[in-house]
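Engineer: Got a structure for you, questions after.
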Number of protein chains: 4
Amino acid sequence: MGNIGAIFATHPQRPPDTSLIEACVVACYDCSSVCVGCSDACLGEADVADLVRCIRTCLDCSDVCLAGGRVVSRLTEPSPMLVEAQLMACAEACRVCAAECERHMVKHEHCRVSAKACHVCEQACRALLHGASFA
Amino acid sequence: MGNIGAIFATHPQRPPDTSLIEACVVACYDCSSVCVGCSDACLGEADVADLVRCIRTCLDCSDVCLAGGRVVSRLTEPSPMLVEAQLMACAEACRVCAAECERHMVKHEHCRVSAKACHVCEQACRALLHGASFA
Amino acid sequence: MGNIGAIFATHPQRPPDTSLIEACVVACYDCSSVCVGCSDACLGEADVADLVRCIRTCLDCSDVCLAGGRVVSRLTEPSPMLVEAQLMACAEACRVCAAECERHMVKHEHCRVSAKACHVCEQACRALLHGASFA
Amino acid sequence: MGNIGAIFATHPQRPPDTSLIEACVVACYDCSSVCVGCSDACLGEADVADLVRCIRTCLDCSDVCLAGGRVVSRLTEPSPMLVEAQLMACAEACRVCAAECERHMVKHEHCRVSAKACHVCEQACRALLHGASFA
């Protein structure tokens, strides 16, 4: 169990099962950090002009996943419809970003890493959307 | 015209009319900053125990509106479905946060300020959702 | 008075004079939003390969100024040495970013806008560093 | 090696040794996420009124460490003095937050978790400050 899982385990307002929440939060922060990294790696490539859409999409995905990770990790007095709306935005950001990164992953390995992180995060968001009651 | 409007006016990829985008971005950043302020003011009140849901909702709204402001302000190679999903999350965050802040605004003036900023931001997000093509 | 000023005016823990704090917070959020805008405008330029350092510096400046704006706007139980350290990081980010943007402002007007926002923010951070007691 | 390490390993502008950078970035994101979690857990406690300074400090630490993690993880065209200034702010935020969380960790286990994450992050920031050239 990572540190955020240890926080959930001792949280006074935790729901009975936080496993989907923890997986989603971990994936959101991982995707957010990886997408900053991929945007910066793309920026450092000689063919940066071919990577403009990848950079922009990674920056969006990083910001949206960060908001998702923060909102989902708050267990005190959540608003289910707000959590759901941000999870849907996260899943969409990851879907779009993974598709763009995959277009470049044969040439740039860092795009393969970020595409994978986006897939994991999209799946974790959708699993929480379908499995959780948020109440 | 504020500084972000001046950026849009000189942006190489700007759409023909950026007025709804600018209004939305300005409202998102304003709401994000005001909600951090309101959460902190609530935290400093003697009746903080009655303001737990208000604090939590303001923190969510701040993070979601920040992501919204950043995503919407990027005009290069936008992904319409991602922009829409984040705008819907923003509008929902503002709706929830305004409703909670209004429960406390007779007692705490800072909640009145944040409720107003949330209303303005929700409307600006919905106006952009309904009026823009993002392409 | 803007909305964040209205929050400060009704904050239960406000210091006697919040004018330097308000100016700094407003400048930090403005600079943060403008630098996201300038990084994206640079990304959309035909000569993006010449603007790599400008894009990177704007992204840093945006993140650092956001942290500055959030930390400074919290008036409840502040830690003076933490506020000072983040203000110094903000001032440095703005100094570096303004210098880089100025190298491109003859060719790109958006770089002129962001250079100006960085200058204003650096000055507001330094004014607060020198004028405030944070206690 | 985590995902951000995999990004660094394939980054076109990576320095010869990224081990201190990777440790710092991982610690910054972990601390940022844990501090959001601890602030929310404190907010959900019956004795929230005794935890006001802990909540505020965790929120600051989360924002400052996020900026640190993002700035340090960008390897393209870094500005050494800016990286150093943000690392110093991060280390200070972690020092202050660990000290505050430790005051509550006998009563609240989540404060023990966040104190530990803050210590790890402070050390990782200081190790990078002392060991790296950023160029």
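Identifiers in the structure tokens: chain A, B, ... in order shown; residue index from 1 per chain; ligand index from 1 in order shown.
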Restrict the calculation to only C-alpha atoms, then for each residue of chain C with any atom at most 10 Å from an atom of chain B give the closest atom pair and their distance in Å to one decimal, rows by chain and rising residue number, as CSV.

Structural biologist:
```
residue,atom,partner,partner_atom,distance
C:Gly2,CA,B:Asp30,CA,9.0
C:Asn3,CA,B:Val34,CA,6.5
C:Ile4,CA,B:Val34,CA,5.4
C:Gly5,CA,B:Val34,CA,9.0
C:Ala6,CA,B:Val113,CA,6.9
C:Ile7,CA,B:His110,CA,5.1
C:Phe8,CA,B:Gly37,CA,7.6
C:Ala9,CA,B:His110,CA,8.3
C:Thr10,CA,B:His110,CA,5.6
C:His11,CA,B:Ala41,CA,5.1
C:Pro12,CA,B:Gly44,CA,6.0
C:Gln13,CA,B:Gly44,CA,6.1
C:Arg14,CA,B:Ala41,CA,8.8
C:Val25,CA,B:Ser33,CA,8.6
C:Val26,CA,B:Ser33,CA,8.9
C:Tyr29,CA,B:Tyr29,CA,7.3
C:Asp30,CA,B:Asn3,CA,7.4
C:Cys31,CA,B:Asn3,CA,8.7
C:Ser32,CA,B:Tyr29,CA,9.5
C:Ser33,CA,B:Ile4,CA,6.9
C:Val34,CA,B:Ile4,CA,5.4
C:Cys35,CA,B:Ile4,CA,9.0
C:Val36,CA,B:Arg70,CA,6.9
C:Gly37,CA,B:Ser73,CA,6.2
C:Cys38,CA,B:Ile7,CA,6.6
C:Ser39,CA,B:Arg74,CA,8.8
C:Asp40,CA,B:Arg74,CA,5.7
C:Ala41,CA,B:His11,CA,5.1
C:Cys42,CA,B:His11,CA,8.2
C:Leu43,CA,B:Thr76,CA,7.1
C:Gly44,CA,B:Thr76,CA,5.5
C:Glu45,CA,B:Pro12,CA,6.0
C:Ala46,CA,B:Pro12,CA,8.7
C:Leu66,CA,B:Ser33,CA,9.4
C:Gly69,CA,B:Ser33,CA,8.0
C:Arg70,CA,B:Val36,CA,6.9
C:Val71,CA,B:Val36,CA,9.4
C:Val72,CA,B:Gly37,CA,9.8
C:Ser73,CA,B:Gly37,CA,6.2
C:Arg74,CA,B:Asp40,CA,5.7
C:Leu75,CA,B:Asp40,CA,6.9
C:Thr76,CA,B:Gly44,CA,5.5
C:Glu77,CA,B:Gly44,CA,8.1
C:His108,CA,B:Thr10,CA,7.8
C:Glu109,CA,B:Thr10,CA,6.0
C:His110,CA,B:Ile7,CA,5.1
C:Cys111,CA,B:Ile7,CA,8.3
C:Arg112,CA,B:Ile7,CA,9.2
C:Val113,CA,B:Ile7,CA,6.6
C:Ser114,CA,B:Ile7,CA,7.9
C:Lys116,CA,B:Asn3,CA,9.2
C:Ala117,CA,B:Asn3,CA,7.6
```

Engineer: Excluding range 84-87 of chain D and residues on its chain fewer than 4 positions from it, collect all residues at most 6 Å away from it, counting only C-alpha atoms, and give them as a ChimeraX atom specification.

Structural biologist: /C:89 /D:68,125

Engineer: Do a neighbour search on range 94-104 of chain B at 6 Å with only C-alpha atoms, toss out local chain neighbours closer than 5 positions, and write the hits as a list in words.

Structural biologist: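 Counting only the stated atoms, we get Cys54, Thr57, Cys111, Ala115, Cys118 and Glu122 of chain B.
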
Engineer: Please return as a ChimeraX atom specification: the residues of chain B that backbone DSSP assigns to helix (DSSP H, G or I).

Structural biologist: /B:3-9,19-43,48-50,52-73,80-102,109-131

Engineer: When you draw a straight line from CA of Pro16 in chain A to CA of Cys121 in chain A, how long is it in Å?

Structural biologist: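 Value for the CA of Pro16 in chain A-CA of Cys121 in chain A distance: 22.6 Å.
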